[in-house]
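One file, final_35.tsv, is given below (TSV, N, CA and C atoms).
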chain	number	residue	atom	x	y	z
C	738	MET	N	118.05	88.79	104.49
C	738	MET	CA	116.96	88.64	105.42
C	738	MET	C	116.81	87.17	105.77
C	739	ALA	N	116.66	86.88	107.00
C	739	ALA	CA	116.44	85.51	107.45
C	739	ALA	C	115.02	85.09	107.10
C	740	TYR	N	114.78	83.80	107.12
C	740	TYR	CA	113.44	83.30	106.82
C	740	TYR	C	112.86	82.64	108.06
C	741	GLU	N	111.54	82.62	108.10
C	741	GLU	CA	110.83	82.05	109.23
C	741	GLU	C	110.86	80.52	109.13
C	742	GLU	N	111.56	79.90	110.06
C	742	GLU	CA	111.73	78.45	110.03
C	742	GLU	C	110.40	77.71	110.18
C	743	GLY	N	109.48	78.26	110.95
C	743	GLY	CA	108.16	77.62	111.10
C	743	GLY	C	107.43	77.53	109.77
C	744	LEU	N	107.51	78.58	108.97
C	744	LEU	CA	106.89	78.56	107.65
C	744	LEU	C	107.62	77.57	106.75
C	745	ALA	N	108.92	77.54	106.82
C	745	ALA	CA	109.69	76.58	106.01
C	745	ALA	C	109.28	75.15	106.36
C	746	GLU	N	109.04	74.89	107.62
C	746	GLU	CA	108.62	73.55	108.04
C	746	GLU	C	107.24	73.21	107.49
C	747	ARG	N	106.34	74.19	107.46
C	747	ARG	CA	105.01	73.98	106.88
C	747	ARG	C	105.12	73.66	105.39
C	748	VAL	N	106.03	74.34	104.70
C	748	VAL	CA	106.24	74.07	103.28
C	748	VAL	C	106.82	72.66	103.10
C	749	ARG	N	107.78	72.29	103.94
C	749	ARG	CA	108.34	70.93	103.87
C	749	ARG	C	107.22	69.90	104.01
C	750	ASP	N	106.31	70.14	104.94
C	750	ASP	CA	105.19	69.21	105.13
C	750	ASP	C	104.33	69.14	103.87
C	751	ALA	N	104.07	70.29	103.24
C	751	ALA	CA	103.25	70.34	102.04
C	751	ALA	C	103.93	69.62	100.87
C	752	LEU	N	105.25	69.58	100.88
C	752	LEU	CA	106.02	68.96	99.80
C	752	LEU	C	106.50	67.55	100.15
C	753	ALA	N	106.03	67.00	101.25
C	753	ALA	CA	106.55	65.73	101.77
C	753	ALA	C	106.48	64.58	100.76
C	754	SER	N	105.52	64.59	99.87
C	754	SER	CA	105.38	63.47	98.93
C	754	SER	C	106.22	63.65	97.67
C	755	ARG	N	106.97	64.74	97.59
C	755	ARG	CA	107.77	65.04	96.40
C	755	ARG	C	109.26	64.95	96.70
C	756	GLU	N	110.03	64.71	95.67
C	756	GLU	CA	111.49	64.74	95.82
C	756	GLU	C	111.94	66.19	95.66
C	757	VAL	N	112.42	66.77	96.74
C	757	VAL	CA	112.73	68.19	96.79
C	757	VAL	C	114.15	68.38	97.31
C	758	ARG	N	114.83	69.37	96.76
C	758	ARG	CA	116.14	69.77	97.27
C	758	ARG	C	116.01	71.20	97.77
C	759	GLU	N	116.57	71.47	98.92
C	759	GLU	CA	116.54	72.82	99.49
C	759	GLU	C	117.83	73.55	99.13
C	760	GLN	N	117.68	74.84	98.86
C	760	GLN	CA	118.83	75.65	98.48
C	760	GLN	C	118.62	77.08	98.99
C	761	LYS	N	119.68	77.64	99.58
C	761	LYS	CA	119.59	79.03	100.00
C	761	LYS	C	119.54	79.91	98.75
C	762	MET	N	118.58	80.83	98.76
C	762	MET	CA	118.37	81.68	97.60
C	762	MET	C	117.56	82.90	98.02
C	763	PHE	N	117.83	84.02	97.43
C	763	PHE	CA	117.07	85.25	97.69
C	763	PHE	C	117.11	85.64	99.16
C	764	GLY	N	118.14	85.28	99.89
C	764	GLY	CA	118.20	85.59	101.32
C	764	GLY	C	117.25	84.74	102.14
C	765	GLY	N	116.73	83.69	101.54
C	765	GLY	CA	115.82	82.78	102.22
C	765	GLY	C	116.15	81.36	101.81
C	766	ILE	N	115.12	80.56	101.65
C	766	ILE	CA	115.32	79.18	101.24
C	766	ILE	C	114.38	78.86	100.08
C	767	ALA	N	114.91	78.13	99.10
C	767	ALA	CA	114.11	77.72	97.95
C	767	ALA	C	113.97	76.21	97.98
C	768	PHE	N	112.84	75.75	97.50
C	768	PHE	CA	112.57	74.33	97.38
C	768	PHE	C	112.58	74.00	95.89
C	769	MET	N	113.54	73.19	95.50
C	769	MET	CA	113.81	72.89	94.11
C	769	MET	C	113.25	71.51	93.74
C	770	ILE	N	112.59	71.46	92.59
C	770	ILE	CA	112.10	70.20	92.04
C	770	ILE	C	112.66	70.09	90.63
C	771	ASP	N	113.38	69.02	90.37
C	771	ASP	CA	114.02	68.81	89.06
C	771	ASP	C	114.89	70.01	88.66
C	772	GLY	N	115.58	70.59	89.63
C	772	GLY	CA	116.49	71.69	89.37
C	772	GLY	C	115.84	73.04	89.19
C	773	LYS	N	114.52	73.10	89.35
C	773	LYS	CA	113.79	74.35	89.18
C	773	LYS	C	113.18	74.79	90.50
C	774	MET	N	113.23	76.08	90.78
C	774	MET	CA	112.64	76.58	92.01
C	774	MET	C	111.12	76.44	91.93
C	775	ALA	N	110.57	75.66	92.85
C	775	ALA	CA	109.12	75.45	92.89
C	775	ALA	C	108.46	76.48	93.81
C	776	CYS	N	109.07	76.73	94.95
C	776	CYS	CA	108.55	77.71	95.90
C	776	CYS	C	109.67	77.99	96.89
C	777	GLY	N	109.41	78.87	97.85
C	777	GLY	CA	110.44	79.20	98.82
C	777	GLY	C	109.87	80.00	99.96
C	778	VAL	N	110.76	80.39	100.86
C	778	VAL	CA	110.38	81.20	102.01
C	778	VAL	C	111.38	82.34	102.12
C	779	HIS	N	110.85	83.54	102.27
C	779	HIS	CA	111.67	84.75	102.44
C	779	HIS	C	111.01	85.54	103.55
C	780	GLY	N	111.70	85.69	104.67
C	780	GLY	CA	111.09	86.35	105.82
C	780	GLY	C	109.90	85.54	106.29
C	781	ASP	N	108.74	86.20	106.38
C	781	ASP	CA	107.53	85.49	106.79
C	781	ASP	C	106.59	85.25	105.61
C	782	SER	N	107.15	85.30	104.40
C	782	SER	CA	106.34	85.12	103.19
C	782	SER	C	106.74	83.88	102.42
C	783	LEU	N	105.75	83.30	101.79
C	783	LEU	CA	105.95	82.19	100.88
C	783	LEU	C	106.27	82.78	99.51
C	784	ILE	N	107.24	82.21	98.81
C	784	ILE	CA	107.52	82.59	97.43
C	784	ILE	C	106.88	81.53	96.55
C	785	VAL	N	106.09	81.97	95.58
C	785	VAL	CA	105.49	81.03	94.63
C	785	VAL	C	105.69	81.53	93.21
C	786	ARG	N	105.52	80.60	92.30
C	786	ARG	CA	105.63	80.92	90.87
C	786	ARG	C	104.29	80.65	90.21
C	787	VAL	N	103.92	81.55	89.34
C	787	VAL	CA	102.69	81.39	88.56
C	787	VAL	C	103.02	81.76	87.11
C	788	PRO	N	102.23	81.28	86.16
C	788	PRO	CA	102.46	81.69	84.77
C	788	PRO	C	102.38	83.21	84.66
C	789	ALA	N	103.24	83.79	83.86
C	789	ALA	CA	103.28	85.25	83.71
C	789	ALA	C	101.91	85.81	83.34
C	790	GLU	N	101.16	85.08	82.52
C	790	GLU	CA	99.84	85.59	82.10
C	790	GLU	C	98.80	85.56	83.23
C	791	GLU	N	99.08	84.85	84.31
C	791	GLU	CA	98.17	84.80	85.47
C	791	GLU	C	98.63	85.73	86.60
C	792	HIS	N	99.78	86.35	86.43
C	792	HIS	CA	100.38	87.16	87.49
C	792	HIS	C	99.44	88.25	88.01
C	793	ASP	N	98.90	89.06	87.11
C	793	ASP	CA	98.08	90.20	87.54
C	793	ASP	C	96.84	89.77	88.30
C	794	LYS	N	96.26	88.66	87.93
C	794	LYS	CA	95.09	88.13	88.65
C	794	LYS	C	95.52	87.57	90.02
C	795	ALA	N	96.61	86.81	90.04
C	795	ALA	CA	97.07	86.17	91.28
C	795	ALA	C	97.48	87.19	92.33
C	796	VAL	N	98.05	88.30	91.91
C	796	VAL	CA	98.54	89.31	92.85
C	796	VAL	C	97.38	89.99	93.60
C	797	LYS	N	96.16	89.81	93.13
C	797	LYS	CA	94.99	90.38	93.79
C	797	LYS	C	94.44	89.47	94.90
C	798	GLU	N	94.98	88.27	95.01
C	798	GLU	CA	94.51	87.33	96.02
C	798	GLU	C	95.04	87.72	97.40
C	799	PRO	N	94.35	87.30	98.47
C	799	PRO	CA	94.75	87.70	99.83
C	799	PRO	C	96.22	87.39	100.13
C	800	GLY	N	96.92	88.40	100.61
C	800	GLY	CA	98.31	88.25	101.03
C	800	GLY	C	99.32	88.27	99.91
C	801	ALA	N	98.89	88.24	98.65
C	801	ALA	CA	99.82	88.13	97.51
C	801	ALA	C	100.30	89.51	97.07
C	802	ARG	N	101.56	89.54	96.68
C	802	ARG	CA	102.15	90.76	96.10
C	802	ARG	C	103.30	90.33	95.17
C	803	THR	N	103.64	91.19	94.26
C	803	THR	CA	104.72	90.90	93.33
C	803	THR	C	106.05	90.78	94.08
C	804	MET	N	106.81	89.77	93.74
C	804	MET	CA	108.13	89.60	94.34
C	804	MET	C	109.07	90.66	93.78
C	805	ASP	N	109.76	91.35	94.68
C	805	ASP	CA	110.62	92.45	94.25
C	805	ASP	C	111.85	92.59	95.14
C	806	ILE	N	112.53	91.51	95.37
C	806	ILE	CA	113.69	91.50	96.26
C	806	ILE	C	114.76	92.48	95.82
C	807	THR	N	114.97	92.59	94.54
C	807	THR	CA	116.03	93.45	94.02
C	807	THR	C	115.51	94.83	93.61
C	808	SER	N	114.33	95.19	94.07
C	808	SER	CA	113.64	96.43	93.68
C	808	SER	C	113.24	96.42	92.21
C	809	ARG	N	113.27	95.23	91.63
C	809	ARG	CA	112.81	95.05	90.25
C	809	ARG	C	111.74	93.96	90.29
C	810	PRO	N	110.49	94.34	90.04
C	810	PRO	CA	109.41	93.35	90.08
C	810	PRO	C	109.69	92.16	89.16
C	811	MET	N	109.36	90.98	89.64
C	811	MET	CA	109.59	89.76	88.87
C	811	MET	C	108.25	89.16	88.47
C	812	LYS	N	107.85	89.34	87.24
C	812	LYS	CA	106.59	88.82	86.74
C	812	LYS	C	106.60	87.29	86.84
C	813	GLY	N	105.55	86.73	87.41
C	813	GLY	CA	105.45	85.29	87.57
C	813	GLY	C	105.96	84.79	88.91
C	814	PHE	N	106.53	85.67	89.72
C	814	PHE	CA	106.97	85.33	91.07
C	814	PHE	C	106.19	86.18	92.05
C	815	LEU	N	105.65	85.56	93.08
C	815	LEU	CA	104.87	86.28	94.08
C	815	LEU	C	105.37	85.98	95.48
C	816	PHE	N	105.22	86.96	96.34
C	816	PHE	CA	105.29	86.74	97.78
C	816	PHE	C	103.86	86.56	98.24
C	817	VAL	N	103.62	85.58	99.09
C	817	VAL	CA	102.31	85.43	99.71
C	817	VAL	C	102.55	85.55	101.21
C	818	GLY	N	102.08	86.66	101.78
C	818	GLY	CA	102.29	86.94	103.19
C	818	GLY	C	101.36	86.16	104.09
C	819	PRO	N	101.51	86.36	105.40
C	819	PRO	CA	100.74	85.61	106.38
C	819	PRO	C	99.23	85.60	106.14
C	820	ALA	N	98.65	86.68	105.65
C	820	ALA	CA	97.20	86.73	105.42
C	820	ALA	C	96.75	85.71	104.38
C	821	GLY	N	97.62	85.35	103.47
C	821	GLY	CA	97.25	84.42	102.41
C	821	GLY	C	97.60	82.97	102.68
C	822	ILE	N	98.30	82.71	103.79
C	822	ILE	CA	98.74	81.33	104.09
C	822	ILE	C	98.48	80.96	105.55
C	823	LYS	N	97.42	81.54	106.11
C	823	LYS	CA	97.09	81.28	107.53
C	823	LYS	C	96.83	79.81	107.81
C	824	THR	N	96.04	79.19	106.95
C	824	THR	CA	95.65	77.81	107.18
C	824	THR	C	96.54	76.85	106.40
C	825	THR	N	96.55	75.61	106.82
C	825	THR	CA	97.28	74.59	106.09
C	825	THR	C	96.73	74.46	104.68
C	826	ALA	N	95.41	74.51	104.56
C	826	ALA	CA	94.78	74.37	103.24
C	826	ALA	C	95.19	75.50	102.30
C	827	SER	N	95.23	76.74	102.80
C	827	SER	CA	95.59	77.86	101.93
C	827	SER	C	97.07	77.78	101.52
C	828	LEU	N	97.94	77.40	102.45
C	828	LEU	CA	99.35	77.23	102.11
C	828	LEU	C	99.51	76.12	101.08
C	829	GLU	N	98.84	75.00	101.29
C	829	GLU	CA	98.96	73.87	100.36
C	829	GLU	C	98.43	74.22	98.98
C	830	ARG	N	97.38	75.04	98.88
C	830	ARG	CA	96.87	75.47	97.57
C	830	ARG	C	97.93	76.26	96.81
C	831	TRP	N	98.59	77.20	97.51
C	831	TRP	CA	99.64	77.99	96.85
C	831	TRP	C	100.82	77.11	96.44
C	832	VAL	N	101.24	76.21	97.32
C	832	VAL	CA	102.38	75.33	97.00
C	832	VAL	C	102.03	74.45	95.81
C	833	GLU	N	100.83	73.89	95.79
C	833	GLU	CA	100.42	73.03	94.68
C	833	GLU	C	100.33	73.84	93.38
C	834	ARG	N	99.78	75.01	93.46
C	834	ARG	CA	99.68	75.87	92.28
C	834	ARG	C	101.07	76.14	91.68
C	835	SER	N	102.02	76.43	92.57
C	835	SER	CA	103.38	76.72	92.14
C	835	SER	C	104.06	75.47	91.58
C	836	THR	N	103.96	74.35	92.27
C	836	THR	CA	104.62	73.13	91.80
C	836	THR	C	103.99	72.64	90.49
C	837	ASP	N	102.68	72.80	90.35
C	837	ASP	CA	102.02	72.40	89.10
C	837	ASP	C	102.56	73.24	87.94
C	838	PHE	N	102.73	74.54	88.17
C	838	PHE	CA	103.26	75.40	87.11
C	838	PHE	C	104.70	75.01	86.78
C	839	VAL	N	105.53	74.82	87.78
C	839	VAL	CA	106.94	74.50	87.54
C	839	VAL	C	107.08	73.19	86.77
C	840	ALA	N	106.15	72.27	86.98
C	840	ALA	CA	106.18	70.99	86.26
C	840	ALA	C	106.00	71.18	84.76
C	841	THR	N	105.42	72.31	84.34
C	841	THR	CA	105.21	72.56	82.91
C	841	THR	C	106.43	73.19	82.24
C	842	LEU	N	107.40	73.63	83.04
C	842	LEU	CA	108.58	74.30	82.50
C	842	LEU	C	109.56	73.29	81.92
C	843	PRO	N	110.33	73.68	80.91
C	843	PRO	CA	111.31	72.76	80.34
C	843	PRO	C	112.37	72.35	81.37
C	844	ALA	N	112.92	71.19	81.17
C	844	ALA	CA	113.97	70.70	82.08
C	844	ALA	C	115.17	71.64	82.05
C	845	LYS	N	115.81	71.77	83.21
C	845	LYS	CA	117.03	72.59	83.31
C	845	LYS	C	118.17	71.82	82.65
C	846	LYS	N	119.02	72.55	81.94
C	846	LYS	CA	120.18	71.92	81.32
C	846	LYS	C	121.24	71.68	82.38
C	847	LYS	N	121.89	70.54	82.28
C	847	LYS	CA	122.97	70.20	83.21
C	847	LYS	C	124.17	71.09	82.91
C	848	ARG	N	124.83	71.53	83.98
C	848	ARG	CA	126.03	72.36	83.81
C	848	ARG	C	127.26	71.50	83.71
Conversion result in structure tokens:
Amino acid sequence: MAYEEGLAERVRDALASREVREQKMFGGIAFMIDGKMACGVHGDSLIVRVPAEEHDKAVKEPGARTMDITSRPMKGFLFVGPAGIKTTASLERWVERSTDFVATLPAKKKR
């Protein structure tokens, strides 16, 4: 599935102050920080990461649903559709929430 370039550009703007690498992933685009996926875009949805213990609460927020690209739900990964990212402020809150969580994860091992 292709991703919405306009949404990807909004995410780039939200991440402008960070060192980010873009990588094609999940049929969309992922934004990587320190080798870890911080967020992404798939179709018209934002992909975000949250702690697994916050997943059930986060999925109840506007536009949020469990990420299930492979028909297997991924705990801690959410799609946030257009209803949840209408404004710049709402998109930036999700991006910051995701990047803050990813910053707590251990460093990726070099291959």
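These are the residues of range 800-835 of chain C assigned strand (DSSP E) by DSSP from backbone coordinates: Ala801, Arg802, Thr803, Phe814, Leu815, Phe816 and Val817 of chain C.
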Could you name the residues that touch Asp781 in chain C at 6.5 Å or less, counting only N, CA and C atoms, but leaving out those on the same chain fewer than 4 positions away, as a compact mmCIF listing (two decimals) with N, CA and C atoms, keeping the file's coordinate frame?
# COMPACT_ATOMS: atom_id res chain seq x y z
N ALA C 739 116.66 86.88 107.00
CA ALA C 739 116.44 85.51 107.45
C ALA C 739 115.02 85.09 107.10
N TYR C 740 114.78 83.80 107.12
CA TYR C 740 113.44 83.30 106.82
C TYR C 740 112.86 82.64 108.06
N GLU C 741 111.54 82.62 108.10
CA GLU C 741 110.83 82.05 109.23
C GLU C 741 110.86 80.52 109.13
N VAL C 817 103.62 85.58 99.09
CA VAL C 817 102.31 85.43 99.71
C VAL C 817 102.55 85.55 101.21
N GLY C 818 102.08 86.66 101.78
CA GLY C 818 102.29 86.94 103.19
C GLY C 818 101.36 86.16 104.09
N PRO C 819 101.51 86.36 105.40
CA PRO C 819 100.74 85.61 106.38
C PRO C 819 99.23 85.60 106.14
Requested in this report: Taking (105.4, 87.1, 86.2) in the file's own coordinates, collect the residues within 10 Å, counting only C-alpha atoms, and hand them back as a PyMOL selection string.
Outcome: chain C and resi 786-793+795-796+803-804+810-815
Report task. Measure the distance from atom N of Met769 in chain C to atom C of Glu756 in chain C in Å and round it to one decimal. Result ->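 Atom-to-atom, atom N of Met769 in chain C and atom C of Glu756 in chain C are spaced 7.2 Å apart.
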Query - Polymer residues at most 8 Å from Phe768 in chain C, all atoms listed in the file, same-chain spacing of 3 or more positions, as a VMD selection string - result: chain C and resid 756 to 762 765 771 to 778
Query raised in the report: Rounded to one decimal in Å, what is the spacing between atom N of Gly743 in chain C and atom N of Thr841 in chain C?
Result: 27.6 Å
Requested in this report: Could you check how far CA of Ala801 in chain C sits from atom C of Ala840 in chain C, in Å to one decimal?
Outcome: 22.1 Å
Query raised in the report: Which is closer to Thr836 in chain C than all the others in C:Ile784, C:Ile770, C:Ile822, C:Val748, using only C-alpha atoms?
Result: C:Ile770
Query raised in the report: For Ser782 in chain C, which residue out of C:Val832, C:Ala844, C:Leu744, C:Ala826 is the nearest one, using only C-alpha atoms?
Result: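 So, comparing all the options, the nearest one is C:Leu744.
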Requested in this report: Using only C-alpha atoms, find the one residue out of C:Gly780, C:Lys823, C:Trp831, C:Glu798 that sits nearest to Leu752 in chain C.
Outcome: C:Trp831
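Distances from C:Ala751, C:Val785, C:Ala745, C:Ala820 to Pro799 in chain C were compared using only C-alpha atoms, and the smallest one belongs to C:Ala820.
Shortest separation to Glu829 in chain C among C:Leu783, C:Asp805, C:Phe763, C:Lys845 occurs at residue C:Leu783, atoms counted being only C-alpha atoms.
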Take every atom of range 759-777 of chain C listed in the file, pad by 3 Å on each side, and give me the axis-aligned box centre and edge lengths in Å, one decimal, as lines of an AutoDock Vina configuration file.
center_x = 114.1
center_y = 77.2
center_z = 95.4
size_x = 17.2
size_y = 22.8
size_z = 19.6
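Using only C-alpha atoms, the nearest neighbour of Gly764 in chain C within the list C:Arg834, C:Ile806, C:Phe816, C:Gly800 is C:Ile806.
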Query raised in the report: How would you write, as number ranges by chain, the set of residues in chain C that DSSP gives as helix (DSSP H, G or I)?
Result: C: 742-751, 789-795, 819-821, 825-840
